Amino acid sequence: MKKVYPDAAAALDGVLFDGMTIAAGGFGLCGIPELLLTAIKEAGTKDLTFASNNAGVDDFGIGILLQTRQVKKMLSSYVGENAEFMRQYLAGELEIEFNPQGTLAERMRAGGAGIPGFYTKTGVGTQVAEGKEHKDFPTGPQGEPETYILERGIVADLAVVKAWKADDTGNLIFRKTARNFNPPAAMCGKICVAEVEEIVPRGSLDPDNIHLPGIYVHRLIQGDHEKRIEQRTTRKREDV
């Protein structure tokens, strides 16, 4: 199967449709599939549901799709760095399903592993638990019952992820914290498109260092990335 495509638009050709659910990797601006998100914007696909930790910032990442009103719902953990995200939510223009970060990651991983749901203690007794099935399990220190809630696995129509290196079969290596939500997002997509900084010859990646097997990746592009810093923190130089 030929997996390498010349650019983001070509890799998404025939995949996008209005009303679809997309799982996107990234945390803040770290490890986001910026080229693929730009291509989705340019395609004009609308009424999208995104499963992503956050929505980037106002003019980068999923934020560019919020500006063009192509997103109708976000399954997210964090809102704070995107003013338009907050404005649309508070104005009732955007639906949000908040998830604890670990729960969101596990919902993606579970969907990719064929697990329809799982029980977790996270969120019990909060708004997160409202409307969800509750069940007691004997997991206390003395075997006493503790309450858990049922969370559903996420299966997305499309996953868009960003990696550091790949070979032409789609085996992926992520760089440090840029791995974040990318592997579980890739797993839960019926189709996964990955953008990478470098495509290396087949067989040149150490099998023990591959973070995501190519079986999960259907299409692949190589491109140049901006690598913005979301919040730059510096300190004065201390001469010794």
# chains A, B, ... in the order shown; residues from 1 in each chain; ligands from 1
$ residues_around --residues "Phe60 of chain A" --least-positions-apart "4" --cutoff "9 Å" --atoms "only C-alpha atoms" --output "list in words"
Leu29, Glu34, Thr38, Ala55, Gly56, Ile64, Leu65 and Arg228 of chain A
$ residues_around --residues "Asp13 of chain A" --least-positions-apart "4" --cutoff "12 Å" --atoms "only C-alpha atoms" --output "ChimeraX atom specification"
/A:5-9,17,36,39-40,42-43,45,193,219
$ closest_residue --among "A:Leu150, A:Ala105, A:Val71, A:Ala166" --to "Gly123 of chain A" --atoms "only C-alpha atoms"
A:Leu150
$ select_by_dssp --residues "segment 10-172 of chain A" --states "strand (DSSP E)" --output "ChimeraX atom specification"
/A:21-24,48-51,71-76,95-98,117-120,134-137,146-152,156-167,172
$ residues_around --residues "Gly170 of chain A" --least-positions-apart "2" --cutoff "8 Å" --atoms "only C-alpha atoms" --output "count of residues only"
13
$ select_by_dssp --residues "chain A" --states "alpha helix (DSSP H)" --output "VMD selection string"
chain A and resid 8 to 12 34 to 43 63 to 67 83 to 90 101 to 112 182 to 188
$ residues_around --residues "Gly31 of chain A" --least-positions-apart "4" --cutoff "9 Å" --atoms "only C-alpha atoms" --output "PyMOL selection string"
chain A and resi 25-27+161-164+174-175+177-182+227
$ atom_distance --atom1 "atom CA of Ile154 of chain A" --atom2 "atom CA of Gly189 of chain A"
8.6 Å
$ residues_around --residues "Gln88 of chain A" --least-positions-apart "2" --cutoff "12 Å" --atoms "only C-alpha atoms" --output "ChimeraX atom specification"
/A:58,63,66-69,71-74,79,82-86,90-96
$ closest_residue --among "A:Ile173, A:Ala186, A:Gln222, A:Lys132" --to "Asp208 of chain A" --atoms "only C-alpha atoms"
A:Ile173
$ atom_distance --atom1 "atom CA of Pro100 of chain A" --atom2 "atom CA of Ile115 of chain A"
18.7 Å
$ decode --residues "segment 125-147 of chain A" --atoms "N, CA and C atoms" --output "PDB file, in the first residue's frame"
ATOM      1  N   GLY A 125     -18.857  12.184  41.301  1.00  0.00           N
ATOM      2  CA  GLY A 125     -19.310  13.246  42.189  1.00  0.00           C
ATOM      3  C   GLY A 125     -19.189  14.637  41.609  1.00  0.00           C
ATOM      4  N   THR A 126     -18.819  14.753  40.328  1.00  0.00           N
ATOM      5  CA  THR A 126     -18.686  16.051  39.673  1.00  0.00           C
ATOM      6  C   THR A 126     -19.628  16.117  38.469  1.00  0.00           C
ATOM      7  N   GLN A 127     -19.632  17.257  37.780  1.00  0.00           N
ATOM      8  CA  GLN A 127     -20.449  17.392  36.576  1.00  0.00           C
ATOM      9  C   GLN A 127     -20.042  16.415  35.485  1.00  0.00           C
ATOM     10  N   VAL A 128     -18.786  15.983  35.526  1.00  0.00           N
ATOM     11  CA  VAL A 128     -18.310  15.020  34.530  1.00  0.00           C
ATOM     12  C   VAL A 128     -19.127  13.736  34.577  1.00  0.00           C
ATOM     13  N   ALA A 129     -19.635  13.390  35.759  1.00  0.00           N
ATOM     14  CA  ALA A 129     -20.346  12.120  35.944  1.00  0.00           C
ATOM     15  C   ALA A 129     -21.826  12.193  35.609  1.00  0.00           C
ATOM     16  N   GLU A 130     -22.337  13.384  35.378  1.00  0.00           N
ATOM     17  CA  GLU A 130     -23.772  13.536  35.161  1.00  0.00           C
ATOM     18  C   GLU A 130     -24.227  12.802  33.898  1.00  0.00           C
ATOM     19  N   GLY A 131     -25.265  11.998  34.053  1.00  0.00           N
ATOM     20  CA  GLY A 131     -25.833  11.261  32.933  1.00  0.00           C
ATOM     21  C   GLY A 131     -25.083  10.001  32.557  1.00  0.00           C
ATOM     22  N   LYS A 132     -24.044   9.650  33.304  1.00  0.00           N
ATOM     23  CA  LYS A 132     -23.256   8.461  32.979  1.00  0.00           C
ATOM     24  C   LYS A 132     -23.583   7.327  33.956  1.00  0.00           C
ATOM     25  N   GLU A 133     -23.414   6.119  33.481  1.00  0.00           N
ATOM     26  CA  GLU A 133     -23.674   4.955  34.304  1.00  0.00           C
ATOM     27  C   GLU A 133     -22.689   4.886  35.478  1.00  0.00           C
ATOM     28  N   HIS A 134     -23.212   4.634  36.678  1.00  0.00           N
ATOM     29  CA  HIS A 134     -22.388   4.462  37.877  1.00  0.00           C
ATOM     30  C   HIS A 134     -22.428   2.986  38.299  1.00  0.00           C
ATOM     31  N   LYS A 135     -21.289   2.510  38.765  1.00  0.00           N
ATOM     32  CA  LYS A 135     -21.238   1.127  39.228  1.00  0.00           C
ATOM     33  C   LYS A 135     -20.229   1.006  40.359  1.00  0.00           C
ATOM     34  N   ASP A 136     -20.558   0.201  41.361  1.00  0.00           N
ATOM     35  CA  ASP A 136     -19.662  -0.012  42.502  1.00  0.00           C
ATOM     36  C   ASP A 136     -18.837  -1.277  42.289  1.00  0.00           C
ATOM     37  N   PHE A 137     -17.543  -1.160  42.628  1.00  0.00           N
ATOM     38  CA  PHE A 137     -16.628  -2.294  42.581  1.00  0.00           C
ATOM     39  C   PHE A 137     -15.935  -2.411  43.944  1.00  0.00           C
ATOM     40  N   PRO A 138     -15.622  -3.623  44.400  1.00  0.00           N
ATOM     41  CA  PRO A 138     -14.978  -3.798  45.716  1.00  0.00           C
ATOM     42  C   PRO A 138     -13.475  -3.529  45.651  1.00  0.00           C
ATOM     43  N   THR A 139     -13.116  -2.275  45.450  1.00  0.00           N
ATOM     44  CA  THR A 139     -11.710  -1.915  45.240  1.00  0.00           C
ATOM     45  C   THR A 139     -11.107  -1.127  46.399  1.00  0.00           C
ATOM     46  N   GLY A 140     -11.870  -0.902  47.471  1.00  0.00           N
ATOM     47  CA  GLY A 140     -11.343  -0.169  48.616  1.00  0.00           C
ATOM     48  C   GLY A 140     -10.266  -0.957  49.346  1.00  0.00           C
ATOM     49  N   PRO A 141      -9.540  -0.294  50.265  1.00  0.00           N
ATOM     50  CA  PRO A 141      -8.447  -0.963  50.997  1.00  0.00           C
ATOM     51  C   PRO A 141      -8.870  -2.243  51.693  1.00  0.00           C
ATOM     52  N   GLN A 142     -10.091  -2.284  52.176  1.00  0.00           N
ATOM     53  CA  GLN A 142     -10.593  -3.474  52.856  1.00  0.00           C
ATOM     54  C   GLN A 142     -11.630  -4.217  52.008  1.00  0.00           C
ATOM     55  N   GLY A 143     -11.600  -3.952  50.729  1.00  0.00           N
ATOM     56  CA  GLY A 143     -12.553  -4.601  49.843  1.00  0.00           C
ATOM     57  C   GLY A 143     -13.920  -3.954  49.820  1.00  0.00           C
ATOM     58  N   GLU A 144     -14.024  -2.753  50.394  1.00  0.00           N
ATOM     59  CA  GLU A 144     -15.311  -2.073  50.402  1.00  0.00           C
ATOM     60  C   GLU A 144     -15.612  -1.507  49.011  1.00  0.00           C
ATOM     61  N   PRO A 145     -16.886  -1.334  48.703  1.00  0.00           N
ATOM     62  CA  PRO A 145     -17.246  -0.859  47.364  1.00  0.00           C
ATOM     63  C   PRO A 145     -16.863   0.604  47.137  1.00  0.00           C
ATOM     64  N   GLU A 146     -16.404   0.890  45.921  1.00  0.00           N
ATOM     65  CA  GLU A 146     -16.117   2.252  45.491  1.00  0.00           C
ATOM     66  C   GLU A 146     -16.839   2.492  44.167  1.00  0.00           C
ATOM     67  N   THR A 147     -17.261   3.727  43.973  1.00  0.00           N
ATOM     68  CA  THR A 147     -18.071   4.052  42.811  1.00  0.00           C
ATOM     69  C   THR A 147     -17.210   4.470  41.626  1.00  0.00           C
TER      70      THR A 147
END
